[in-house]
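Notes to accompany the following structure.
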Amino acid sequence: MAFSKNALVVALLVALCSTSAEAFASPSQNRMSSMIRQSTSLKLSSEAGDIEAPVVSDAAQEEDIIDFSDIEDDEEDDDDEDEIVDDGSLPGWYESKQRMQELRIKHRRHENDTGSPEFQVAGMTERIAYLTKHLKTHPKDFSTRRGLVALVNKRRRLLNYLYKEDVQRYSTLVTSLGVRHKAPGRVADRSDKYGRFPGQKAVKKHLQKKIQKKK
């Protein structure tokens, strides 16, 4: 029986690959490698003309067929588990945005107003309320806490400015929004600032004697 040189080289390569891969291959890969070996043996037999082709049973062919319907069913089950249930309620950030728009429209001075103290304070007040509620749920969100403190300070400066400009507008805005704000007063002099504290303490008797002796 004579084989060609190319057929012998192919047979050796297939044998080497199969022996090195069988140790780490899965059962399906092992079946695939066995089918490749059978096909190469058919090629060799066709060249030689003496070897009969092996017969593959129907049971073996059915084992090699992959049922993709099971895989699709598993993927559909995973998708059902990951679905977010819609309860019909609007998200909190959307409701806050709508309230902010309503407050700005209510307290603006004219139709095209976008920068008056009333317009800015109204938007900041709703934003502060939303961030305060957020921090109650997420107390360790320190970056949001820092932004909240900065926003409160900015609102306080705007209210101080509005109080100096027009007290009536200031009182109307604070009453409508329910903001707790202490109106700035005049600059206190030394007597007003320190008058409520007691004066210098009296020198004790034994210290008075020492002072008199030094003199």
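Naming scheme: A, B, ... for chains in displayed order of the structure tokens; residues 1 onward per chain; ligands 1 onward as shown.
Shell of segment 156-161 of chain A at 9 Å, with only C-alpha atoms counted and residues fewer than 6 places along the chain excluded, is Pro117, Glu118, Gln120, Val121, Tyr170, Val174, His181, Lys182, Ala183 and Pro184 of chain A.
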Set the distance at 9 Å and use only C-alpha atoms: which residues neighbour Thr144 of chain A once local chain neighbours fewer than 4 positions away are removed? I'd like the list as an MDAnalysis selection string.
chainID A and resid 131 134:135 148:149
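Minimum atom-to-atom distance to Glu126 of chain A, evaluated using only C-alpha atoms, belongs to A:Arg155 out of A:Lys140, A:Arg155, A:Arg146, A:Arg108.
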